Amino acid sequence: MIAIIFAGGLLGCGSSNSQFVGKWVGKRTLAQQPENPALAAALAHVELHMTRDGEFLIKEAGVPKMGRFRVEKGMVILRIETYMGKPIEALGSSAVEMNQPIRLSIQSDGSATLDDPTGFDPAPLKLRRTSETPEIRKR
């Protein structure tokens with residue numbers, strides 16, 4: 001799995017990367033609630049899985065996106081490489097242009113703020129780590 005290597009990194013020398021690895025979960029506030037409660041729950045649910053080897057899987061509104069992450073300037077930077085199992089480049093030039101880095105800021109209370117400017121919902125989202133073991137299959 002992914003090991004995030006710090007060179008004096010996010011929390012200083014000797015810091016453990018264990019605070020990033022695992023399963024993170026959040027719930028978006030939907031502008032319009034579907035009549036079907038199960039659909040509403042699925043659309044609002046966000047999961048982020050980060051592995052020790054620098055890979056991630058994020059599911060927003062049931063849509064899987066995978067890629068790699070790194071730590072830079074005090075935050076985790078996630079770059080999507082595949083969308084619903086297809087390389088971003090295979091989805092056309094618009095998809096490539098819209099593929100902006102996702103930023104994850106770890107908060108002092110142990111939560112994280114996810115900022116995806118071109119995602120399903122560009123509003124920042126609070127995530128909580130629910131497991132130190134990510135649920136992700138290798139590509």
# chains A, B, ... in the order shown; residues from 1 in each chain; ligands from 1
call {"tool": "select_by_dssp", "arguments": {"residues": "chain A", "states": "alpha helix (DSSP H)", "output": "ChimeraX atom specification"}}
result
/A:37-44,93-98
call {"tool": "residues_around", "arguments": {"residues": "Glu132 of chain A", "least_positions_apart": "6", "cutoff": "10 Å", "atoms": "only C-alpha atoms", "output": "PyMOL selection string"}}
result
chain A and resi 18-24+49-51
call {"tool": "select_by_dssp", "arguments": {"residues": "chain A", "states": "strand (DSSP E)", "output": "ChimeraX atom specification"}}
result
/A:22-27,45-50,55-60,63-72,75-83,86-87,102-106,112-115,125-131
call {"tool": "residues_around", "arguments": {"residues": "His45 of chain A", "least_positions_apart": "2", "cutoff": "7 Å", "atoms": "only C-alpha atoms", "output": "PDB file with N, CA and C atoms, in the first residue's frame"}}
result
ATOM      1  N   GLY A  26     -17.951  11.378   4.556  1.00  0.00           N
ATOM      2  CA  GLY A  26     -18.659  12.633   4.762  1.00  0.00           C
ATOM      3  C   GLY A  26     -20.026  12.578   4.112  1.00  0.00           C
ATOM      4  N   LYS A  27     -20.833  13.573   4.407  1.00  0.00           N
ATOM      5  CA  LYS A  27     -22.183  13.644   3.853  1.00  0.00           C
ATOM      6  C   LYS A  27     -22.443  15.065   3.362  1.00  0.00           C
ATOM      7  N   ARG A  28     -22.714  15.182   2.088  1.00  0.00           N
ATOM      8  CA  ARG A  28     -23.003  16.488   1.485  1.00  0.00           C
ATOM      9  C   ARG A  28     -24.442  16.897   1.786  1.00  0.00           C
ATOM     10  N   ALA A  41     -29.630   9.485   0.156  1.00  0.00           N
ATOM     11  CA  ALA A  41     -28.476   9.053   0.956  1.00  0.00           C
ATOM     12  C   ALA A  41     -27.284   8.719   0.058  1.00  0.00           C
ATOM     13  N   ALA A  42     -27.526   8.040  -1.057  1.00  0.00           N
ATOM     14  CA  ALA A  42     -26.451   7.667  -1.984  1.00  0.00           C
ATOM     15  C   ALA A  42     -25.811   8.905  -2.618  1.00  0.00           C
ATOM     16  N   LEU A  43     -26.632   9.880  -2.986  1.00  0.00           N
ATOM     17  CA  LEU A  43     -26.105  11.093  -3.605  1.00  0.00           C
ATOM     18  C   LEU A  43     -25.295  11.936  -2.626  1.00  0.00           C
ATOM     19  N   GLU A  47     -17.071   8.961   0.143  1.00  0.00           N
ATOM     20  CA  GLU A  47     -16.052   8.110   0.769  1.00  0.00           C
ATOM     21  C   GLU A  47     -14.717   8.392   0.114  1.00  0.00           C
ATOM     22  N   GLU A  60     -18.113   9.756  -4.942  1.00  0.00           N
ATOM     23  CA  GLU A  60     -19.062  10.840  -4.691  1.00  0.00           C
ATOM     24  C   GLU A  60     -20.309  10.540  -5.500  1.00  0.00           C
ATOM     25  N   ALA A  61     -21.452  10.540  -4.840  1.00  0.00           N
ATOM     26  CA  ALA A  61     -22.727  10.231  -5.501  1.00  0.00           C
ATOM     27  C   ALA A  61     -22.643   8.887  -6.214  1.00  0.00           C
TER      28      ALA A  61
END
call {"tool": "residues_around", "arguments": {"residues": "Arg128 of chain A", "least_positions_apart": "2", "cutoff": "8 Å", "atoms": "only C-alpha atoms", "output": "list in words"}}
result
Trp24, Val25, Gly26, Gly110, Ser111, Ala112, Lys126 and Thr130 of chain A
call {"tool": "residues_around", "arguments": {"residues": "segment 68-84 of chain A", "least_positions_apart": "4", "cutoff": "6 Å", "atoms": "only C-alpha atoms", "output": "PDB file with N, CA and C atoms, in the first residue's frame"}}
result
ATOM      1  N   LEU A  10       4.386  17.393   6.338  1.00  0.00           N
ATOM      2  CA  LEU A  10       3.228  18.099   6.844  1.00  0.00           C
ATOM      3  C   LEU A  10       3.335  18.425   8.330  1.00  0.00           C
ATOM      4  N   GLY A  54       0.229   5.713  -1.651  1.00  0.00           N
ATOM      5  CA  GLY A  54      -0.057   6.960  -2.356  1.00  0.00           C
ATOM      6  C   GLY A  54      -1.237   6.919  -3.301  1.00  0.00           C
ATOM      7  N   GLU A  55      -2.011   5.868  -3.263  1.00  0.00           N
ATOM      8  CA  GLU A  55      -3.191   5.796  -4.118  1.00  0.00           C
ATOM      9  C   GLU A  55      -4.441   6.148  -3.316  1.00  0.00           C
ATOM     10  N   PHE A  56      -5.467   6.593  -4.044  1.00  0.00           N
ATOM     11  CA  PHE A  56      -6.737   6.877  -3.398  1.00  0.00           C
ATOM     12  C   PHE A  56      -7.888   6.479  -4.303  1.00  0.00           C
ATOM     13  N   PRO A  64     -17.064   6.351  -8.817  1.00  0.00           N
ATOM     14  CA  PRO A  64     -15.693   6.112  -8.363  1.00  0.00           C
ATOM     15  C   PRO A  64     -14.663   6.864  -9.207  1.00  0.00           C
ATOM     16  N   ILE A  88      -8.687   9.513 -17.463  1.00  0.00           N
ATOM     17  CA  ILE A  88      -9.220  10.857 -17.717  1.00  0.00           C
ATOM     18  C   ILE A  88      -8.989  11.255 -19.172  1.00  0.00           C
ATOM     19  N   PRO A 101      -6.656  19.541  -9.217  1.00  0.00           N
ATOM     20  CA  PRO A 101      -6.299  18.831  -7.982  1.00  0.00           C
ATOM     21  C   PRO A 101      -7.351  19.022  -6.893  1.00  0.00           C
ATOM     22  N   ILE A 102      -7.570  17.972  -6.142  1.00  0.00           N
ATOM     23  CA  ILE A 102      -8.445  17.999  -4.971  1.00  0.00           C
ATOM     24  C   ILE A 102      -7.538  18.229  -3.765  1.00  0.00           C
ATOM     25  N   ARG A 103      -7.951  19.065  -2.855  1.00  0.00           N
ATOM     26  CA  ARG A 103      -7.145  19.367  -1.676  1.00  0.00           C
ATOM     27  C   ARG A 103      -7.837  18.826  -0.422  1.00  0.00           C
ATOM     28  N   LEU A 104      -7.035  18.222   0.421  1.00  0.00           N
ATOM     29  CA  LEU A 104      -7.523  17.679   1.681  1.00  0.00           C
ATOM     30  C   LEU A 104      -6.701  18.290   2.795  1.00  0.00           C
ATOM     31  N   SER A 105      -7.343  19.055   3.657  1.00  0.00           N
ATOM     32  CA  SER A 105      -6.667  19.704   4.778  1.00  0.00           C
ATOM     33  C   SER A 105      -7.038  18.989   6.064  1.00  0.00           C
TER      34      SER A 105
END
call {"tool": "closest_residue", "arguments": {"among": "A:Arg52, A:Leu57, A:Thr29, A:Pro34", "to": "Thr133 of chain A", "atoms": "only C-alpha atoms"}}
result
A:Arg52
call {"tool": "closest_residue", "arguments": {"among": "A:Leu91, A:Leu39, A:Leu48, A:Leu30", "to": "Ile136 of chain A", "atoms": "only C-alpha atoms"}}
result
A:Leu48
call {"tool": "residues_around", "arguments": {"residues": "Thr118 of chain A", "least_positions_apart": "6", "cutoff": "8 Å", "atoms": "only C-alpha atoms", "output": "list in words"}}
result
Met98, Asn99 and Gln100 of chain A
